[in-house]
$ cat protein16.cif   # mmCIF, N, CA and C atoms
data_final
#
loop_
_atom_site.label_atom_id
_atom_site.label_comp_id
_atom_site.auth_asym_id
_atom_site.auth_seq_id
_atom_site.Cartn_x
_atom_site.Cartn_y
_atom_site.Cartn_z
N MET A 1 0.84 -1.18 0.00
CA MET A 1 0.00 0.00 0.00
C MET A 1 0.89 1.24 0.00
N THR A 2 0.49 2.25 -0.73
CA THR A 2 1.19 3.53 -0.73
C THR A 2 0.21 4.62 -0.35
N LEU A 3 0.74 5.74 0.05
CA LEU A 3 -0.04 6.89 0.45
C LEU A 3 0.48 8.07 -0.36
N THR A 4 -0.39 8.96 -0.79
CA THR A 4 0.05 10.13 -1.52
C THR A 4 0.16 11.30 -0.55
N ILE A 5 1.37 11.86 -0.48
CA ILE A 5 1.63 13.01 0.37
C ILE A 5 2.11 14.14 -0.52
N ARG A 6 1.32 15.17 -0.62
CA ARG A 6 1.64 16.35 -1.43
C ARG A 6 2.08 15.97 -2.84
N GLY A 7 1.31 15.09 -3.45
CA GLY A 7 1.55 14.71 -4.82
C GLY A 7 2.59 13.62 -5.01
N ASN A 8 3.21 13.14 -3.93
CA ASN A 8 4.23 12.10 -4.02
C ASN A 8 3.70 10.81 -3.40
N ASN A 9 3.91 9.69 -4.09
CA ASN A 9 3.54 8.40 -3.52
C ASN A 9 4.57 8.01 -2.48
N VAL A 10 4.11 7.68 -1.29
CA VAL A 10 4.99 7.34 -0.18
C VAL A 10 4.67 5.92 0.26
N LYS A 11 5.70 5.08 0.28
CA LYS A 11 5.53 3.71 0.78
C LYS A 11 5.71 3.72 2.29
N PRO A 12 5.13 2.73 2.97
CA PRO A 12 5.31 2.69 4.43
C PRO A 12 6.77 2.44 4.79
N ILE A 13 7.17 3.04 5.87
CA ILE A 13 8.52 2.86 6.41
C ILE A 13 8.40 2.11 7.73
N ILE A 14 9.23 1.10 7.90
CA ILE A 14 9.25 0.34 9.15
C ILE A 14 10.42 0.85 9.99
N LEU A 15 10.12 1.21 11.21
CA LEU A 15 11.14 1.65 12.17
C LEU A 15 11.21 0.64 13.30
N ARG A 16 12.41 0.18 13.61
CA ARG A 16 12.64 -0.72 14.75
C ARG A 16 13.26 0.13 15.85
N VAL A 17 12.44 0.45 16.86
CA VAL A 17 12.82 1.43 17.88
C VAL A 17 12.95 0.75 19.24
N PRO A 18 14.03 1.02 19.96
CA PRO A 18 14.14 0.50 21.33
C PRO A 18 12.96 0.98 22.17
N ARG A 19 12.45 0.10 23.01
CA ARG A 19 11.27 0.43 23.82
C ARG A 19 11.45 1.71 24.64
N ASP A 20 12.66 1.92 25.15
CA ASP A 20 12.88 3.09 25.99
C ASP A 20 12.90 4.40 25.19
N GLU A 21 12.88 4.31 23.86
CA GLU A 21 12.84 5.52 23.03
C GLU A 21 11.51 5.68 22.29
N SER A 22 10.61 4.72 22.47
CA SER A 22 9.37 4.74 21.70
C SER A 22 8.49 5.95 22.03
N ASP A 23 8.47 6.39 23.28
CA ASP A 23 7.68 7.57 23.63
C ASP A 23 8.19 8.81 22.91
N ASP A 24 9.52 8.90 22.76
CA ASP A 24 10.11 10.04 22.05
C ASP A 24 9.70 10.03 20.58
N LEU A 25 9.67 8.84 19.97
CA LEU A 25 9.23 8.75 18.57
C LEU A 25 7.79 9.24 18.44
N LEU A 26 6.93 8.79 19.33
CA LEU A 26 5.53 9.20 19.27
C LEU A 26 5.38 10.71 19.43
N ASP A 27 6.17 11.30 20.32
CA ASP A 27 6.14 12.76 20.50
C ASP A 27 6.59 13.46 19.22
N ASP A 28 7.66 12.97 18.60
CA ASP A 28 8.18 13.60 17.38
C ASP A 28 7.22 13.43 16.21
N LEU A 29 6.58 12.26 16.10
CA LEU A 29 5.59 12.07 15.05
C LEU A 29 4.40 13.01 15.23
N THR A 30 3.98 13.20 16.47
CA THR A 30 2.88 14.12 16.76
C THR A 30 3.26 15.55 16.39
N ALA A 31 4.48 15.96 16.76
CA ALA A 31 4.94 17.31 16.43
C ALA A 31 5.03 17.49 14.92
N TRP A 32 5.58 16.51 14.21
CA TRP A 32 5.70 16.59 12.76
C TRP A 32 4.32 16.64 12.11
N ALA A 33 3.41 15.81 12.56
CA ALA A 33 2.06 15.78 12.00
C ALA A 33 1.35 17.11 12.19
N SER A 34 1.53 17.73 13.35
CA SER A 34 0.83 18.99 13.61
C SER A 34 1.39 20.13 12.77
N THR A 35 2.68 20.10 12.46
CA THR A 35 3.26 21.17 11.63
C THR A 35 3.10 20.89 10.14
N SER A 36 3.12 19.62 9.75
CA SER A 36 3.03 19.28 8.33
C SER A 36 1.59 19.11 7.85
N GLY A 37 0.69 18.82 8.80
CA GLY A 37 -0.69 18.56 8.42
C GLY A 37 -0.89 17.18 7.82
N ILE A 38 0.09 16.30 8.00
CA ILE A 38 0.05 14.95 7.43
C ILE A 38 -0.11 13.93 8.55
N ASP A 39 -1.06 13.03 8.38
CA ASP A 39 -1.25 11.93 9.33
C ASP A 39 -0.23 10.84 9.00
N PRO A 40 0.67 10.48 9.93
CA PRO A 40 1.67 9.47 9.64
C PRO A 40 1.13 8.04 9.59
N GLY A 41 -0.15 7.84 9.87
CA GLY A 41 -0.74 6.51 9.77
C GLY A 41 0.01 5.48 10.59
N LEU A 42 0.31 5.79 11.81
CA LEU A 42 1.12 4.94 12.69
C LEU A 42 0.45 3.60 12.97
N SER A 43 1.22 2.52 12.78
CA SER A 43 0.81 1.17 13.17
C SER A 43 1.94 0.56 13.98
N THR A 44 1.58 -0.27 14.94
CA THR A 44 2.56 -0.95 15.78
C THR A 44 2.47 -2.44 15.54
N PHE A 45 3.63 -3.09 15.47
CA PHE A 45 3.69 -4.53 15.27
C PHE A 45 4.55 -5.15 16.35
N LEU A 46 4.15 -6.34 16.79
CA LEU A 46 4.96 -7.09 17.75
C LEU A 46 5.48 -8.35 17.08
N GLU A 47 6.75 -8.60 17.27
CA GLU A 47 7.32 -9.84 16.77
C GLU A 47 6.97 -10.95 17.76
N PRO A 48 6.95 -12.20 17.31
CA PRO A 48 6.65 -13.31 18.22
C PRO A 48 7.57 -13.28 19.44
N GLY A 49 6.97 -13.36 20.61
CA GLY A 49 7.73 -13.36 21.86
C GLY A 49 8.10 -11.99 22.38
N ALA A 50 7.85 -10.94 21.60
CA ALA A 50 8.25 -9.60 22.01
C ALA A 50 7.39 -9.06 23.14
N ALA A 51 6.15 -9.50 23.23
CA ALA A 51 5.26 -8.99 24.28
C ALA A 51 5.77 -9.32 25.67
N SER A 52 6.41 -10.47 25.81
CA SER A 52 6.90 -10.87 27.12
C SER A 52 8.35 -10.43 27.36
N ASN A 53 9.01 -9.92 26.33
CA ASN A 53 10.40 -9.50 26.46
C ASN A 53 10.47 -7.98 26.41
N THR A 54 10.66 -7.36 27.57
CA THR A 54 10.63 -5.90 27.64
C THR A 54 11.85 -5.25 27.00
N SER A 55 12.86 -6.03 26.64
CA SER A 55 14.02 -5.45 25.98
C SER A 55 13.91 -5.51 24.46
N SER A 56 12.86 -6.14 23.95
CA SER A 56 12.66 -6.22 22.50
C SER A 56 12.27 -4.86 21.94
N PRO A 57 12.80 -4.52 20.77
CA PRO A 57 12.39 -3.24 20.17
C PRO A 57 10.95 -3.31 19.68
N VAL A 58 10.38 -2.15 19.43
CA VAL A 58 9.02 -2.05 18.92
C VAL A 58 9.10 -1.73 17.43
N LEU A 59 8.29 -2.41 16.63
CA LEU A 59 8.25 -2.14 15.19
C LEU A 59 7.08 -1.21 14.91
N TYR A 60 7.38 -0.09 14.26
CA TYR A 60 6.35 0.87 13.87
C TYR A 60 6.33 0.97 12.35
N GLN A 61 5.15 1.07 11.79
CA GLN A 61 5.00 1.37 10.37
C GLN A 61 4.43 2.77 10.29
N VAL A 62 5.11 3.63 9.54
CA VAL A 62 4.67 5.01 9.41
C VAL A 62 4.71 5.44 7.94
N TYR A 63 3.89 6.40 7.62
CA TYR A 63 3.91 7.04 6.30
C TYR A 63 4.37 8.47 6.53
N VAL A 64 5.64 8.71 6.29
CA VAL A 64 6.20 10.05 6.47
C VAL A 64 7.00 10.41 5.23
N SER A 65 7.12 11.70 5.00
CA SER A 65 7.95 12.17 3.90
C SER A 65 9.36 12.41 4.42
N GLU A 66 10.24 12.75 3.51
CA GLU A 66 11.64 13.02 3.87
C GLU A 66 11.72 14.16 4.89
N SER A 67 10.73 15.05 4.89
CA SER A 67 10.77 16.18 5.82
C SER A 67 10.78 15.72 7.29
N PHE A 68 10.17 14.55 7.56
CA PHE A 68 10.21 14.05 8.94
C PHE A 68 11.65 13.78 9.36
N PHE A 69 12.41 13.12 8.49
CA PHE A 69 13.80 12.79 8.82
C PHE A 69 14.72 14.00 8.76
N GLU A 70 14.32 15.03 8.02
CA GLU A 70 15.08 16.28 8.04
C GLU A 70 14.88 17.00 9.37
N GLN A 71 13.65 16.93 9.88
CA GLN A 71 13.34 17.58 11.16
C GLN A 71 13.83 16.76 12.35
N PHE A 72 13.80 15.43 12.22
CA PHE A 72 14.19 14.53 13.31
C PHE A 72 15.17 13.48 12.77
N PRO A 73 16.39 13.87 12.45
CA PRO A 73 17.34 12.94 11.82
C PRO A 73 17.73 11.75 12.69
N GLU A 74 17.53 11.84 13.98
CA GLU A 74 17.92 10.75 14.88
C GLU A 74 17.14 9.46 14.61
N TRP A 75 15.97 9.55 13.95
CA TRP A 75 15.15 8.36 13.69
C TRP A 75 15.58 7.62 12.43
N ARG A 76 16.37 8.22 11.59
CA ARG A 76 16.80 7.60 10.34
C ARG A 76 17.54 6.28 10.59
N MET A 77 18.30 6.22 11.65
CA MET A 77 19.10 5.00 11.91
C MET A 77 18.24 3.81 12.31
N PHE A 78 16.96 4.02 12.59
CA PHE A 78 16.08 2.93 12.99
C PHE A 78 15.26 2.35 11.84
N ILE A 79 15.47 2.86 10.62
CA ILE A 79 14.73 2.36 9.46
C ILE A 79 15.14 0.93 9.18
N GLU A 80 14.14 0.05 9.02
CA GLU A 80 14.39 -1.33 8.64
C GLU A 80 14.69 -1.38 7.15
N GLN A 81 15.70 -2.11 6.79
CA GLN A 81 16.06 -2.23 5.37
C GLN A 81 15.35 -3.38 4.73
#
$ encode --input "protein16.cif" --output "structure tokens"
Amino acid sequence: MTLTIRGNNVKPIILRVPRDESDDLLDDLTAWASTSGIDPGLSTFLEPGAASNTSSPVLYQVYVSESFFEQFPEWRMFIEQ
């Protein structure tokens, strides 16, 4: 599935974020969405066994443009390849 953001087709991006940083990601996505006017379409996924393992990272699927990573470059390193 793709989403059109300002005339550009955007594919979902998967971010693998450490649990202790997930609140910061949510705050940054909220800030970006409020300034850009774009809904990032946030979804959360759990890998098998992750619910019982508090050290497992959280997988997020988001629809963001490059402007999100320009505003918050620290999240770029968490992109799943």
$ resolve_selection --input "protein16.cif" --expression "the PyMOL selection byres ((chain A and resi 32-39) around 8)" --output "ChimeraX atom specification"
/A:5,26-31,40-42,62-64,67-68,71
$ resolve_selection --input "protein16.cif" --expression "the PyMOL selection byres ((chain A and resi 45) around 6.5)" --output "list in words"
Ser43, Thr44, Leu46, Glu47, Val58, Leu59, Tyr60 and Gln61 of chain A
$ resolve_selection --input "protein16.cif" --expression "the PyMOL selection byres ((chain A and resi 79) around 7)" --output "CSV table (one decimal) with N, CA and C atoms, keeping the file's coordinate frame"
chain,number,residue,atom,x,y,z
A,13,ILE,N,7.2,3.0,5.9
A,13,ILE,CA,8.5,2.9,6.4
A,13,ILE,C,8.4,2.1,7.7
A,14,ILE,N,9.2,1.1,7.9
A,14,ILE,CA,9.2,0.3,9.2
A,14,ILE,C,10.4,0.8,10.0
A,15,LEU,N,10.1,1.2,11.2
A,15,LEU,CA,11.1,1.6,12.2
A,15,LEU,C,11.2,0.6,13.3
A,16,ARG,N,12.4,0.2,13.6
A,16,ARG,CA,12.6,-0.7,14.8
A,16,ARG,C,13.3,0.1,15.8
A,75,TRP,N,16.0,9.6,14.0
A,75,TRP,CA,15.2,8.4,13.7
A,75,TRP,C,15.6,7.6,12.4
A,76,ARG,N,16.4,8.2,11.6
A,76,ARG,CA,16.8,7.6,10.3
A,76,ARG,C,17.5,6.3,10.6
A,77,MET,N,18.3,6.2,11.6
A,77,MET,CA,19.1,5.0,11.9
A,77,MET,C,18.2,3.8,12.3
A,78,PHE,N,17.0,4.0,12.6
A,78,PHE,CA,16.1,2.9,13.0
A,78,PHE,C,15.3,2.4,11.8
A,80,GLU,N,14.1,0.0,9.0
A,80,GLU,CA,14.4,-1.3,8.6
A,80,GLU,C,14.7,-1.4,7.2
A,81,GLN,N,15.7,-2.1,6.8
A,81,GLN,CA,16.1,-2.2,5.4
A,81,GLN,C,15.4,-3.4,4.7
$ atom_distance --input "protein16.cif" --atom1 "atom CA of Ser22 of chain A" --atom2 "atom CA of Ser56 of chain A"
11.5 Å
$ select_by_dssp --input "protein16.cif" --residues "chain A" --states "strand (DSSP E)" --output "VMD selection string"
chain A and resid 3 to 5 8 to 10 13 to 17 43 to 45 58 to 62
$ select_by_dssp --input "protein16.cif" --residues "chain A" --states "helix (DSSP H, G or I)" --output "count of residues only"
30
$ atom_distance --input "protein16.cif" --atom1 "atom CA of Ser65 of chain A" --atom2 "atom N of Asp23 of chain A"
20.2 Å
$ residues_near_point --input "protein16.cif" --point "(13.9, 1.2, 22.6)" --cutoff "8 Å" --atoms "only C-alpha atoms" --output "list of chain:residue names"
A:Val17, A:Pro18, A:Arg19, A:Asp20, A:Glu21, A:Ser22, A:Ser55, A:Ser56, A:Pro57, A:Val58
$ write_last_selection --input "protein16.cif" --atoms "N, CA and C atoms" --output "short mmCIF file (atom, residue, chain, number, x, y, z; two decimals), keeping the file's coordinate frame"
data_model
loop_
_atom_site.label_atom_id
_atom_site.label_comp_id
_atom_site.auth_asym_id
_atom_site.auth_seq_id
_atom_site.Cartn_x
_atom_site.Cartn_y
_atom_site.Cartn_z
N VAL A 17 12.44 0.45 16.86
CA VAL A 17 12.82 1.43 17.88
C VAL A 17 12.95 0.75 19.24
N PRO A 18 14.03 1.02 19.96
CA PRO A 18 14.14 0.50 21.33
C PRO A 18 12.96 0.98 22.17
N ARG A 19 12.45 0.10 23.01
CA ARG A 19 11.27 0.43 23.82
C ARG A 19 11.45 1.71 24.64
N ASP A 20 12.66 1.92 25.15
CA ASP A 20 12.88 3.09 25.99
C ASP A 20 12.90 4.40 25.19
N GLU A 21 12.88 4.31 23.86
CA GLU A 21 12.84 5.52 23.03
C GLU A 21 11.51 5.68 22.29
N SER A 22 10.61 4.72 22.47
CA SER A 22 9.37 4.74 21.70
C SER A 22 8.49 5.95 22.03
N SER A 55 12.86 -6.03 26.64
CA SER A 55 14.02 -5.45 25.98
C SER A 55 13.91 -5.51 24.46
N SER A 56 12.86 -6.14 23.95
CA SER A 56 12.66 -6.22 22.50
C SER A 56 12.27 -4.86 21.94
N PRO A 57 12.80 -4.52 20.77
CA PRO A 57 12.39 -3.24 20.17
C PRO A 57 10.95 -3.31 19.68
N VAL A 58 10.38 -2.15 19.43
CA VAL A 58 9.02 -2.05 18.92
C VAL A 58 9.10 -1.73 17.43
#
$ atom_distance --input "protein16.cif" --atom1 "atom N of Glu66 of chain A" --atom2 "atom CA of Val10 of chain A"
8.4 Å
$ axis_aligned_box --input "protein16.cif" --around "segment 23-30 of chain A" --padding-each-side "8 Å" --output "AutoDock Vina command-line options"
--center_x 6.5 --center_y 11.0 --center_z 19.3 --size_x 23.2 --size_y 25.2 --size_z 24.6
